[in-house]
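Have a look at work33.txt; it's compact mmCIF, C-alpha atoms:
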```txt
# COMPACT_ATOMS: atom_id res chain seq x y z
CA MET A 1 -99.79 174.93 81.49
CA ARG A 2 -96.85 175.56 83.78
CA VAL A 3 -94.54 173.75 81.36
CA PHE A 4 -95.97 175.74 78.47
CA ILE A 5 -95.50 179.04 80.33
CA LEU A 6 -91.90 178.08 81.20
CA VAL A 7 -91.17 177.23 77.54
CA VAL A 8 -92.61 180.57 76.38
CA LYS A 9 -90.61 182.50 78.97
CA GLY A 10 -87.43 180.61 78.10
CA SER A 11 -87.95 181.28 74.39
CA ALA A 12 -88.50 185.00 75.02
CA ILE A 13 -85.40 185.30 77.18
CA THR A 14 -83.32 183.34 74.64
CA THR A 15 -84.54 185.54 71.80
CA PHE A 16 -83.75 188.71 73.72
CA TYR A 17 -80.17 187.75 74.52
CA ALA A 18 -79.64 186.27 71.06
CA LYS A 19 -80.60 189.61 69.47
CA ARG A 20 -78.20 191.46 71.72
CA LEU A 21 -75.42 188.97 70.93
CA LEU A 22 -76.04 189.21 67.19
CA ARG A 23 -76.04 192.99 67.47
CA TRP A 24 -72.60 192.95 69.04
CA LEU A 25 -71.38 190.45 66.44
CA ALA A 26 -72.75 192.61 63.61
CA ILE A 27 -70.83 195.72 64.73
CA PRO A 28 -67.43 194.52 63.30
CA LEU A 29 -69.14 193.47 60.07
CA GLN A 30 -70.82 196.85 59.68
CA TRP A 31 -67.56 198.64 60.44
CA GLY A 32 -65.67 196.55 57.87
CA THR A 33 -68.31 197.11 55.19
CA ARG A 34 -68.28 200.89 55.74
CA SER A 35 -64.50 200.95 55.61
CA LEU A 36 -64.46 199.10 52.28
CA LEU A 37 -67.04 201.43 50.79
CA ARG A 38 -65.12 204.51 51.95
CA THR A 39 -61.65 203.30 50.87
CA ILE A 40 -62.51 201.44 47.64
CA GLY A 41 -66.12 201.87 46.59
CA VAL A 42 -66.42 205.65 46.69
CA PRO A 43 -63.07 206.35 44.92
CA LEU A 44 -63.86 203.74 42.25
CA TYR A 45 -67.27 205.24 41.60
CA ARG A 46 -65.77 208.73 41.35
CA ALA A 47 -63.13 207.52 38.87
CA ILE A 48 -65.74 205.85 36.65
CA PHE A 49 -67.93 208.97 36.80
CA TYR A 50 -65.09 211.29 35.78
CA ILE A 51 -63.99 208.96 32.94
CA ARG A 52 -67.49 208.77 31.49
CA ARG A 53 -67.91 212.55 31.70
CA ALA A 54 -64.52 213.14 30.05
CA THR A 55 -65.09 210.70 27.18
CA ALA A 56 -68.68 211.74 26.55
CA LYS A 57 -67.45 214.82 24.66
CA PHE A 58 -66.02 212.77 21.77
CA TYR A 59 -67.61 209.30 22.28
CA VAL A 60 -71.15 210.25 21.34
CA PRO A 61 -70.21 212.18 18.14
CA GLY A 62 -67.79 209.44 17.07
CA LYS A 63 -70.39 206.77 17.64
CA ASN A 64 -72.91 208.61 15.51
CA LYS A 65 -70.40 209.12 12.66
CA LEU A 66 -69.42 205.39 12.72
CA MET A 67 -73.04 204.26 12.54
CA TYR A 68 -73.65 206.70 9.68
CA PHE A 69 -70.69 205.28 7.74
CA LEU A 70 -71.77 201.62 8.25
CA THR A 71 -75.38 202.30 7.32
CA ASN A 72 -74.51 204.45 4.30
CA ARG A 73 -75.52 202.87 0.97
CA TYR A 74 -72.09 203.60 -0.52
CA ALA A 75 -70.34 201.38 2.08
CA ILE A 76 -71.48 198.21 0.28
CA HIS A 77 -70.13 199.56 -2.99
CA VAL A 78 -66.73 200.16 -1.42
CA LEU A 79 -66.69 196.60 0.01
CA VAL A 80 -67.43 195.06 -3.41
CA VAL A 81 -64.61 197.10 -4.98
CA LEU A 82 -62.14 195.93 -2.33
CA VAL A 83 -63.07 192.25 -2.86
CA ALA A 84 -62.67 192.57 -6.63
CA PHE A 85 -59.29 194.26 -6.20
CA GLY A 86 -58.03 191.55 -3.83
CA THR A 87 -59.12 188.78 -6.20
CA SER A 88 -57.31 190.40 -9.10
CA VAL A 89 -54.08 190.70 -7.11
CA MET A 90 -54.21 186.99 -6.14
CA ASN A 91 -54.74 185.94 -9.77
CA VAL A 92 -51.76 187.99 -10.92
CA GLN A 93 -49.51 186.41 -8.24
CA ALA A 94 -50.63 182.86 -9.18
CA SER A 95 -49.99 183.30 -12.91
CA GLY A 96 -46.34 182.23 -12.50
CA LEU A 97 -47.27 178.74 -11.17
CA ARG A 98 -47.31 176.01 -13.85
CA ALA A 99 -50.02 173.38 -13.77
CA GLU A 100 -47.53 170.52 -14.04
CA ASP A 101 -45.71 171.70 -10.87
CA PHE A 102 -48.80 172.07 -8.75
CA GLY A 103 -48.81 169.88 -5.62
CA GLN A 104 -45.41 168.27 -6.15
CA LYS A 105 -44.41 168.89 -2.54
CA SER A 106 -47.40 167.09 -1.08
CA ILE A 107 -47.21 163.59 0.48
CA LEU A 108 -49.94 162.28 -1.84
CA TYR A 109 -47.87 163.28 -4.91
CA GLY A 110 -44.88 161.39 -3.48
CA LEU A 111 -46.95 158.26 -2.91
CA VAL A 112 -48.32 158.03 -6.47
CA SER A 113 -45.13 159.10 -8.28
CA ASP A 114 -41.65 157.61 -8.55
CA GLN A 115 -40.24 160.29 -6.23
CA SER A 116 -40.83 159.92 -2.53
CA ASN A 117 -40.52 162.55 0.16
CA VAL A 118 -41.16 160.13 3.02
CA THR A 119 -38.27 159.67 5.42
CA ILE A 120 -37.85 156.11 6.70
CA VAL A 121 -36.61 155.81 10.27
CA VAL A 122 -35.28 152.38 11.32
CA ARG A 123 -35.17 151.47 14.97
CA SER A 124 -32.15 149.31 15.78
CA ASP A 125 -33.23 148.28 19.25
CA ALA A 126 -36.71 147.08 18.35
CA PRO A 127 -38.06 144.61 20.92
CA VAL A 128 -38.17 140.98 19.93
CA SER A 129 -41.65 139.49 19.94
CA LYS A 130 -42.24 136.63 22.31
CA PRO A 131 -44.83 133.90 21.85
CA SER A 132 -47.88 134.25 24.04
CA ASN A 133 -49.48 131.40 25.91
CA TYR A 134 -53.18 131.17 26.71
CA LEU A 135 -54.45 128.32 28.90
CA GLY A 136 -51.31 126.30 28.14
CA LEU A 137 -51.99 126.14 24.39
CA SER A 138 -49.99 127.30 21.37
CA ALA A 139 -50.70 130.88 20.35
CA LEU A 140 -49.66 133.26 17.61
CA SER A 141 -46.53 135.33 18.17
CA VAL A 142 -47.83 138.78 19.08
CA GLN A 143 -45.98 141.65 17.38
CA PRO A 144 -45.28 144.75 19.51
CA ASP A 145 -47.40 147.93 19.26
CA ILE A 146 -50.31 146.33 17.40
CA ASP A 147 -53.94 146.91 18.38
CA PHE A 148 -56.35 144.11 17.59
CA HIS A 149 -59.87 145.34 16.94
CA ASP A 150 -61.35 143.10 14.25
CA PRO A 151 -61.62 139.41 15.27
CA LEU A 152 -60.49 138.44 11.77
CA ASP A 153 -57.33 140.52 12.16
CA ASP A 154 -56.32 138.85 15.44
CA TYR A 155 -55.00 135.83 13.60
CA VAL A 156 -53.89 137.39 10.29
CA ALA A 157 -50.49 139.09 10.31
CA VAL A 158 -48.46 139.08 7.08
CA VAL A 159 -45.09 140.65 6.31
CA SER A 160 -44.42 141.79 2.75
CA GLY A 161 -40.93 141.20 1.47
CA GLY A 162 -40.34 141.30 -2.26
CA ALA A 163 -42.92 139.01 -3.82
CA ALA A 164 -43.30 136.75 -0.79
CA ILE A 165 -45.75 136.67 2.06
CA VAL A 166 -44.41 135.41 5.38
CA ALA A 167 -46.89 133.59 7.59
CA PRO A 168 -47.13 134.49 11.29
CA THR A 169 -44.89 132.61 13.66
CA ILE A 170 -46.56 129.81 15.56
CA SER A 171 -45.04 129.24 18.97
CA GLU A 172 -44.44 125.68 20.00
CA VAL A 173 -45.27 125.24 23.66
CA GLY A 174 -46.35 122.24 25.68
CA GLU A 175 -45.97 118.59 24.93
CA SER A 176 -46.96 117.00 21.66
CA VAL A 177 -50.52 115.72 21.47
CA ALA A 178 -49.75 113.07 18.88
CA PRO A 179 -51.67 109.78 19.30
CA ARG A 180 -50.42 107.81 22.31
CA THR A 181 -50.93 104.19 23.29
CA ASP A 182 -49.46 104.09 26.80
CA VAL A 183 -50.54 105.53 30.13
CA THR A 184 -48.15 108.32 31.17
CA GLU A 185 -47.49 110.34 34.28
CA TYR A 186 -47.68 114.14 34.27
CA GLU A 187 -46.26 116.48 36.91
CA VAL A 188 -48.51 119.46 37.62
CA GLN A 189 -46.87 122.79 36.76
CA ILE A 190 -47.54 126.29 38.06
CA GLY A 191 -50.74 127.65 36.49
CA ASP A 192 -52.12 124.23 35.50
CA THR A 193 -55.79 123.41 35.95
CA LEU A 194 -57.69 120.20 35.32
CA GLY A 195 -59.17 121.70 32.17
CA THR A 196 -55.86 122.86 30.68
CA ILE A 197 -54.14 119.54 31.45
CA ALA A 198 -56.94 117.55 29.84
CA GLN A 199 -57.00 119.80 26.79
CA ALA A 200 -53.22 119.71 26.39
CA HIS A 201 -53.21 115.89 26.32
CA GLY A 202 -56.25 115.53 24.09
CA ILE A 203 -58.56 113.86 26.64
CA SER A 204 -61.75 114.91 28.37
CA ILE A 205 -61.94 116.25 31.89
CA ASN A 206 -64.03 113.21 32.90
CA THR A 207 -61.26 110.85 31.75
CA LEU A 208 -58.67 112.80 33.75
CA LEU A 209 -60.85 112.76 36.86
CA TRP A 210 -61.74 109.05 36.59
CA SER A 211 -58.15 107.94 36.10
CA ASN A 212 -56.99 109.88 39.19
CA SER A 213 -60.03 109.42 41.47
CA LEU A 214 -60.64 113.18 41.60
CA SER A 215 -63.77 115.28 41.94
CA THR A 216 -64.69 118.76 40.72
CA ARG A 217 -63.67 120.21 44.07
CA SER A 218 -60.30 118.47 44.19
CA VAL A 219 -57.28 120.75 44.48
CA ILE A 220 -54.14 120.08 42.44
CA ARG A 221 -50.81 121.69 43.28
CA PRO A 222 -47.52 122.01 41.42
CA GLY A 223 -45.54 118.83 41.82
CA ASN A 224 -48.53 116.45 42.00
CA GLU A 225 -48.34 113.41 39.71
CA LEU A 226 -51.38 112.71 37.53
CA THR A 227 -52.10 109.62 35.47
CA ILE A 228 -52.78 110.54 31.84
CA MET A 229 -54.77 108.11 29.71
CA PRO A 230 -53.78 107.86 26.04
CA VAL A 231 -57.41 108.21 24.92
CA ASP A 232 -60.77 109.01 26.44
CA GLY A 233 -61.95 106.13 28.56
CA VAL A 234 -61.31 104.30 31.84
CA GLN A 235 -58.99 101.70 33.29
CA HIS A 236 -60.22 98.33 34.50
CA LYS A 237 -58.40 95.76 36.58
CA VAL A 238 -59.46 92.25 35.58
CA LYS A 239 -61.07 90.29 38.43
CA SER A 240 -62.18 86.71 38.78
CA GLY A 241 -65.30 86.08 36.69
CA ASP A 242 -64.73 88.97 34.29
CA THR A 243 -65.34 88.43 30.59
CA LEU A 244 -64.68 90.75 27.71
CA ILE A 245 -68.39 91.21 27.00
CA LYS A 246 -69.13 91.87 30.67
CA ILE A 247 -66.37 94.49 30.84
CA ALA A 248 -67.55 96.18 27.62
CA ASN A 249 -71.15 96.33 28.87
CA LYS A 250 -70.04 97.70 32.25
CA TYR A 251 -68.31 100.69 30.67
CA ASP A 252 -70.59 101.05 27.60
CA SER A 253 -67.71 100.30 25.25
CA ASP A 254 -67.05 97.95 22.33
CA THR A 255 -65.27 94.60 22.57
CA GLU A 256 -63.37 95.12 19.32
CA LYS A 257 -61.94 98.40 20.57
CA ILE A 258 -60.82 96.75 23.79
CA LEU A 259 -59.17 93.85 21.91
CA THR A 260 -57.39 96.16 19.46
CA PHE A 261 -56.18 98.75 21.95
CA ASN A 262 -54.86 96.18 24.45
CA ASN A 263 -53.34 93.86 21.80
CA LEU A 264 -55.43 90.88 23.00
CA ALA A 265 -55.46 87.76 20.86
CA ASP A 266 -59.12 86.96 21.55
CA ALA A 267 -61.85 87.37 24.13
CA GLY A 268 -60.34 84.66 26.32
CA ASP A 269 -56.91 86.28 26.51
CA LEU A 270 -57.53 87.81 29.95
CA SER A 271 -55.45 87.47 33.11
CA ILE A 272 -56.59 88.23 36.65
CA GLY A 273 -54.97 91.43 37.85
CA GLU A 274 -54.29 92.66 34.32
CA LEU A 275 -54.95 96.37 33.79
CA LEU A 276 -57.02 97.05 30.66
CA LEU A 277 -57.63 100.34 28.93
CA ILE A 278 -61.26 100.73 27.88
CA PRO A 279 -61.40 103.19 24.95
CA ASP A 280 -64.43 105.52 25.10
CA GLY A 281 -65.46 103.80 28.32
CA LYS A 282 -67.62 105.62 30.84
CA LEU A 283 -68.33 105.25 34.52
CA ILE A 284 -72.10 104.98 34.44
CA ALA A 285 -74.02 105.71 37.62
CA SER A 286 -76.29 102.88 38.65
CA ALA A 287 -79.01 105.20 39.98
CA PRO A 288 -79.28 108.92 40.72
CA SER A 289 -78.44 109.76 44.32
CA ARG A 290 -78.05 112.94 46.30
CA THR A 291 -74.75 111.75 47.78
CA THR A 292 -71.71 113.02 45.91
CA SER A 293 -69.54 110.35 44.32
CA VAL A 294 -67.05 110.33 41.48
CA ALA A 295 -69.08 107.78 39.51
CA ARG A 296 -72.24 109.89 39.69
CA VAL A 297 -70.90 113.40 39.32
CA PHE A 298 -68.60 112.81 36.37
CA SER A 299 -70.43 110.16 34.35
CA THR A 300 -71.27 111.15 30.78
CA PRO A 301 -73.98 108.75 29.56
CA THR A 302 -74.40 108.56 25.81
CA ALA A 303 -78.16 108.64 25.98
CA ALA A 304 -79.46 111.96 24.71
CA PRO A 305 -82.95 113.14 23.77
CA SER A 306 -83.63 111.80 20.29
CA THR A 307 -86.40 114.35 19.63
CA PRO A 308 -87.48 117.61 21.21
CA ALA A 309 -90.50 115.76 22.63
CA THR A 310 -88.28 113.59 24.86
CA PRO A 311 -88.90 114.71 28.46
CA ALA A 312 -85.91 116.13 30.28
CA PRO A 313 -84.89 114.64 33.64
CA LYS A 314 -86.60 116.21 36.61
CA SER A 315 -84.55 118.40 38.89
CA PRO A 316 -84.25 116.45 42.15
CA GLY A 317 -83.38 119.34 44.49
CA ARG A 318 -81.78 122.69 45.10
CA MET A 319 -79.19 123.99 42.65
CA ILE A 320 -75.54 124.36 43.67
CA TRP A 321 -73.36 127.44 43.18
CA PRO A 322 -72.19 127.37 39.53
CA THR A 323 -68.55 128.52 39.89
CA ASP A 324 -65.60 128.55 42.30
CA LEU A 325 -65.85 132.10 43.66
CA ARG A 326 -68.87 133.65 45.38
CA THR A 327 -68.29 137.34 44.67
CA ILE A 328 -71.34 138.79 42.88
CA THR A 329 -70.40 141.72 40.63
CA GLN A 330 -73.90 142.44 39.28
CA TYR A 331 -77.26 141.30 40.57
CA TYR A 332 -80.41 140.27 38.76
CA GLY A 333 -82.65 143.24 38.01
CA TRP A 334 -84.14 145.51 35.42
CA ARG A 335 -82.25 145.24 32.11
CA HIS A 336 -79.99 142.53 33.61
CA THR A 337 -81.43 139.08 33.14
CA GLY A 338 -79.02 137.09 35.27
CA LEU A 339 -76.34 137.06 37.91
CA ASP A 340 -72.69 138.01 37.27
CA VAL A 341 -70.24 136.09 39.48
CA ASP A 342 -66.53 136.90 39.53
CA CYS A 343 -64.10 134.17 38.42
CA HIS A 344 -60.71 133.81 36.73
CA PHE A 345 -59.15 131.85 33.86
CA THR A 346 -58.00 129.24 36.41
CA HIS A 347 -61.58 128.51 37.53
CA HIS A 348 -64.30 126.29 36.10
CA ASN A 349 -68.06 126.69 35.87
CA TYR A 350 -70.29 123.79 36.93
CA ALA A 351 -73.76 122.45 36.20
CA SER A 352 -76.04 123.72 38.95
CA ASP A 353 -78.26 120.62 38.70
CA ASP A 354 -78.88 117.41 36.73
CA GLY A 355 -80.08 117.73 33.14
CA TYR A 356 -79.01 117.57 29.52
CA VAL A 357 -77.15 120.13 27.41
CA GLN A 358 -79.61 121.64 24.96
CA PHE A 359 -77.05 124.14 23.62
CA ALA A 360 -73.25 124.44 23.74
CA GLY A 361 -71.43 126.94 21.54
CA TRP A 362 -71.24 130.59 20.58
CA LYS A 363 -74.32 132.67 21.39
CA GLY A 364 -73.88 136.33 20.38
CA GLY A 365 -73.15 138.62 23.32
CA TYR A 366 -73.06 135.64 25.69
CA GLY A 367 -69.90 134.35 23.97
CA LEU A 368 -69.22 130.64 24.53
CA THR A 369 -72.42 129.52 26.25
CA VAL A 370 -73.93 126.38 27.75
CA GLU A 371 -77.68 125.90 28.27
CA ILE A 372 -78.91 123.01 30.44
CA ASN A 373 -82.50 121.77 30.45
CA HIS A 374 -83.44 120.51 33.93
CA GLY A 375 -87.03 119.62 33.16
CA ASN A 376 -90.22 121.09 34.62
CA GLY A 377 -89.69 124.17 32.42
CA ILE A 378 -86.38 125.10 34.10
CA VAL A 379 -83.34 126.01 31.94
CA THR A 380 -80.04 127.43 33.20
CA ARG A 381 -77.65 129.43 31.01
CA TYR A 382 -73.91 129.92 31.59
CA GLY A 383 -72.14 132.60 29.51
CA HIS A 384 -68.69 134.08 28.69
CA HIS A 385 -66.64 130.82 28.87
CA ALA A 386 -63.06 130.73 27.63
CA SER A 387 -63.55 127.11 26.48
CA LEU A 388 -66.27 124.47 26.79
CA ALA A 389 -66.02 120.95 28.19
CA VAL A 390 -69.49 119.69 27.16
CA SER A 391 -71.40 119.33 23.89
CA ASP A 392 -74.97 119.40 22.64
CA GLY A 393 -77.21 116.56 23.83
CA GLN A 394 -74.86 115.42 26.60
CA GLN A 395 -76.52 114.10 29.74
CA ILE A 396 -74.80 115.59 32.79
CA SER A 397 -75.06 115.50 36.56
CA GLN A 398 -74.99 118.23 39.15
CA GLY A 399 -71.45 119.58 39.55
CA THR A 400 -70.18 118.51 36.12
CA PRO A 401 -67.56 121.00 34.78
CA LEU A 402 -69.01 122.92 31.84
CA GLY A 403 -65.93 124.90 30.82
CA VAL A 404 -63.25 127.36 31.82
CA CYS A 405 -64.29 130.80 33.04
CA GLY A 406 -63.55 133.57 30.53
CA THR A 407 -64.65 136.87 29.04
CA THR A 408 -65.94 136.00 25.55
CA GLY A 409 -68.80 137.92 23.98
CA ARG A 410 -69.84 141.34 25.28
CA SER A 411 -67.96 141.15 28.54
CA THR A 412 -65.61 143.36 30.54
CA GLY A 413 -63.42 141.09 32.64
CA THR A 414 -63.63 137.39 33.44
CA HIS A 415 -66.91 136.41 35.08
CA LEU A 416 -69.78 133.96 34.76
CA HIS A 417 -73.14 135.26 33.58
CA PHE A 418 -75.64 132.84 35.11
CA GLU A 419 -79.34 132.84 34.20
CA VAL A 420 -82.34 130.80 35.29
CA ILE A 421 -85.22 130.63 32.80
CA ARG A 422 -88.57 129.27 34.00
CA ASN A 423 -91.23 128.59 31.38
CA GLY A 424 -89.48 130.94 28.96
CA LYS A 425 -89.15 133.88 31.41
CA PHE A 426 -86.09 135.08 33.31
CA VAL A 427 -86.23 134.75 37.09
CA ASN A 428 -83.86 135.69 39.91
CA PRO A 429 -81.14 132.98 40.13
CA LEU A 430 -80.70 133.62 43.87
CA GLU A 431 -84.11 131.99 44.40
CA TYR A 432 -82.68 128.67 43.14
CA ILE A 433 -78.97 128.43 43.95
CA ARG A 434 -77.52 128.07 47.44
```

Rewrite the structure from the file as structure tokens, please.
Amino acid sequence: MRVFILVVKGSAITTFYAKRLLRWLAIPLQWGTRSLLRTIGVPLYRAIFYIRRATAKFYVPGKNKLMYFLTNRYAIHVLVVLVAFGTSVMNVQASGLRAEDFGQKSILYGLVSDQSNVTIVVRSDAPVSKPSNYLGLSALSVQPDIDFHDPLDDYVAVVSGGAAIVAPTISEVGESVAPRTDVTEYEVQIGDTLGTIAQAHGISINTLLWSNSLSTRSVIRPGNELTIMPVDGVQHKVKSGDTLIKIANKYDSDTEKILTFNNLADAGDLSIGELLLIPDGKLIASAPSRTTSVARVFSTPTAAPSTPATPAPKSPGRMIWPTDLRTITQYYGWRHTGLDVDCHFTHHNYASDDGYVQFAGWKGGYGLTVEINHGNGIVTRYGHHASLAVSDGQQISQGTPLGVCGTTGRSTGTHLHFEVIRNGKFVNPLEYIR
């Protein structure tokens, strides 16, 4: 009660002094308001009053006369007469114009007749077009000041000259990808990636990785030397006890291909320490394992599901992050069925878990897309690639490169659109990837 009484007394005292303070503060405001009314308000009101009283003598009669004139029935008659008179005058003025001369000064007349009124301006210092390069591949020479909207128009650019049609210039960049028979060495250049190097030399990413003992996480730098196989396959160093059939079975290849490509006389023409090229050979994993190894991660077994009823391999564990960067630009939620992860044209997207490719190609707004069936009703989808490194029906392992990050389809900027589909329904990918 004492505390309550003290609070009430304090509030009363505060209110009392606050009212006195506000009263003193309001005095300048009241004085200013009165001064404005006396100096501006009252004279302005008097001026308006005198003006209205002075104009009322002729405003009201004039207003009544104007309304009488507008509402008079003869006003419409006068308006019709004026319109008819104006039309007649215009017809008389136009009678001197001949029909054959009508429109001769227009641009349309100049386009359809032999005479032309279009002035042609030639620019002498026009910029010279330079060939563009995308992912290290040949590209069309892009002409300046051209907007490309239709996909069909991006690659069609003709120049009319007389009766000829000149084809667009094709820029020649990079080394020739003509058939090779020897193993070569390649020095990594600025901007190179494993995918662009493999594509430029006409081999798969797996072949490039196998021949250089690399993994998906390996880093290449300008100046590094890489071994480039002439064809897809592997290299094998002949050891004691090796036979041609044994080597062919080890890499799932064909003995005739090995004989032909290595210029061997027969199956017995083998020397210990000899380095053989195994065309279309593959490093096949002996058994699935959770430990990361080159043989397991990058093997591409030929076995694929022969029918839709063939069961997909079961997912052995947690999924890995599907691209190089970890910056999420858009989360899973309402009206967004997946996860958008930032990446660039120099990055690759990877299989988040073991499975087989049930779709690889163009998929509407997803652009270049890969879908992997992991079994147990789980499917992952990877969209907006610039290029793909896998094909339909291919059996792949966790971490296998699927393609180069891009912005194909309905996309604004390079990123990976990653989806997880469980039993035909979209789920949050962050519940599966780590």

May I ask for the distance between CA of Asp342 (chain A) and CA of Thr408 (chain A), given in Å to one decimal place?
14.0 Å

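Once Glu185 (chain A) and its same-chain neighbours fewer than 2 positions away are set aside, Asp182, Val183, Glu187, Val188, Asn224, Glu225, Leu226, Thr227, Ile228 and Met229 of chain A remain within 10 Å of it when counting all atoms listed in the file.
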
Counting all atoms listed in the file, the option among A:Val238, A:Leu388, A:Val341, A:Val404 closest to Glu419 (chain A)
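Once distances to Glu419 (chain A) are computed over all atoms listed in the file, the minimum belongs to A:Val341.
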
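Atom pair CA of Leu325 (chain A) / CA of Leu430 (chain A) has a distance of 14.9 Å (rounded to one decimal).
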
At a cut-off of 7 Å, using all atoms listed in the file, what residues contact region 399-403 of chain A? Leave out same-chain residues fewer than 3 positions from it and give the result as a ChimeraX atom specification.
/A:216,297-298,348-353,385,387-390,396

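The spacing separating CA of Tyr331 (chain A) from CA of Gln358 (chain A) amounts to 25.2 Å.
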
Calculated over all atoms listed in the file, which of the candidates A:Asp280, A:Asp324, A:Asp266, A:Glu431 has the smallest distance to Val234 (chain A)?
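Distance minimum relative to Val234 (chain A) lands on A:Asp280.
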
Tell me which residues come within 10 Å of (-62.0, 111.6, 27.3), as a VMD selection string, counting only C-alpha atoms in the file's coordinates.
chain A and resid 198 to 199 201 to 210 229 to 234 279 to 282 300

Kindly save the residues from that selection, with C-alpha atoms included, as a CSV table (one decimal), in the frame of the given file.
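Below you can see out-v2.csv, which holds the result:
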```csv
chain,number,residue,atom,x,y,z
A,198,ALA,CA,-56.9,117.6,29.8
A,199,GLN,CA,-57.0,119.8,26.8
A,201,HIS,CA,-53.2,115.9,26.3
A,202,GLY,CA,-56.2,115.5,24.1
A,203,ILE,CA,-58.6,113.9,26.6
A,204,SER,CA,-61.8,114.9,28.4
A,205,ILE,CA,-61.9,116.2,31.9
A,206,ASN,CA,-64.0,113.2,32.9
A,207,THR,CA,-61.3,110.8,31.8
A,208,LEU,CA,-58.7,112.8,33.8
A,209,LEU,CA,-60.8,112.8,36.9
A,210,TRP,CA,-61.7,109.0,36.6
A,229,MET,CA,-54.8,108.1,29.7
A,230,PRO,CA,-53.8,107.9,26.0
A,231,VAL,CA,-57.4,108.2,24.9
A,232,ASP,CA,-60.8,109.0,26.4
A,233,GLY,CA,-62.0,106.1,28.6
A,234,VAL,CA,-61.3,104.3,31.8
A,279,PRO,CA,-61.4,103.2,25.0
A,280,ASP,CA,-64.4,105.5,25.1
A,281,GLY,CA,-65.5,103.8,28.3
A,282,LYS,CA,-67.6,105.6,30.8
A,300,THR,CA,-71.3,111.2,30.8
```

Hey, what's within 10 Å of Ser240 (chain A) if we count all atoms listed in the file and toss same-chain stuff fewer than 5 positions away? As a list in words, please?
Ser271, Ile272 and Gly273 of chain A

Distance query Leu368 (chain A) at most 9 Å, all atoms listed in the file, self and fewer than 4 positions along chain excluded, as a VMD selection string:
chain A and resid 360 to 364 382 to 388 406 to 409

Go through A:Lys425, A:Thr369, A:Arg318, A:Leu416 and flag the residue nearest Phe345 (chain A), using all atoms listed in the file for the distances.
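Checking each candidate against Phe345 (chain A), we get A:Leu416 as the closest.
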
Could I get region 197-210 of chain A rebuilt with N, CA and C atoms, written as an mmCIF file, in the frame of the given file?
```
data_model
loop_
_atom_site.group_PDB
_atom_site.id
_atom_site.type_symbol
_atom_site.label_atom_id
_atom_site.label_comp_id
_atom_site.auth_asym_id
_atom_site.auth_seq_id
_atom_site.Cartn_x
_atom_site.Cartn_y
_atom_site.Cartn_z
ATOM 1 N N ILE A 197 -54.890 120.793 31.564
ATOM 2 C CA ILE A 197 -54.140 119.540 31.450
ATOM 3 C C ILE A 197 -54.861 118.566 30.524
ATOM 4 N N ALA A 198 -56.166 118.442 30.703
ATOM 5 C CA ALA A 198 -56.940 117.550 29.840
ATOM 6 C C ALA A 198 -56.889 117.997 28.394
ATOM 7 N N GLN A 199 -57.013 119.293 28.156
ATOM 8 C CA GLN A 199 -57.000 119.800 26.790
ATOM 9 C C GLN A 199 -55.622 119.641 26.148
ATOM 10 N N ALA A 200 -54.560 119.836 26.929
ATOM 11 C CA ALA A 200 -53.220 119.710 26.390
ATOM 12 C C ALA A 200 -52.889 118.288 25.977
ATOM 13 N N HIS A 201 -53.496 117.289 26.625
ATOM 14 C CA HIS A 201 -53.210 115.890 26.320
ATOM 15 C C HIS A 201 -54.298 115.243 25.463
ATOM 16 N N GLY A 202 -55.258 116.038 25.020
ATOM 17 C CA GLY A 202 -56.250 115.530 24.090
ATOM 18 C C GLY A 202 -57.252 114.566 24.699
ATOM 19 N N ILE A 203 -57.560 114.727 25.992
ATOM 20 C CA ILE A 203 -58.560 113.860 26.640
ATOM 21 C C ILE A 203 -59.584 114.757 27.310
ATOM 22 N N SER A 204 -60.685 114.153 27.718
ATOM 23 C CA SER A 204 -61.750 114.910 28.370
ATOM 24 C C SER A 204 -61.436 115.073 29.854
ATOM 25 N N ILE A 205 -62.111 116.033 30.457
ATOM 26 C CA ILE A 205 -61.940 116.250 31.890
ATOM 27 C C ILE A 205 -62.424 115.029 32.673
ATOM 28 N N ASN A 206 -63.518 114.397 32.213
ATOM 29 C CA ASN A 206 -64.030 113.210 32.900
ATOM 30 C C ASN A 206 -62.974 112.105 32.941
ATOM 31 N N THR A 207 -62.292 111.886 31.803
ATOM 32 C CA THR A 207 -61.260 110.850 31.750
ATOM 33 C C THR A 207 -60.144 111.152 32.745
ATOM 34 N N LEU A 208 -59.721 112.416 32.814
ATOM 35 C CA LEU A 208 -58.670 112.800 33.750
ATOM 36 C C LEU A 208 -59.113 112.582 35.192
ATOM 37 N N LEU A 209 -60.351 112.931 35.493
ATOM 38 C CA LEU A 209 -60.850 112.760 36.860
ATOM 39 C C LEU A 209 -60.994 111.286 37.216
ATOM 40 N N TRP A 210 -61.541 110.476 36.308
ATOM 41 C CA TRP A 210 -61.740 109.050 36.590
ATOM 42 C C TRP A 210 -60.412 108.349 36.827
#
```
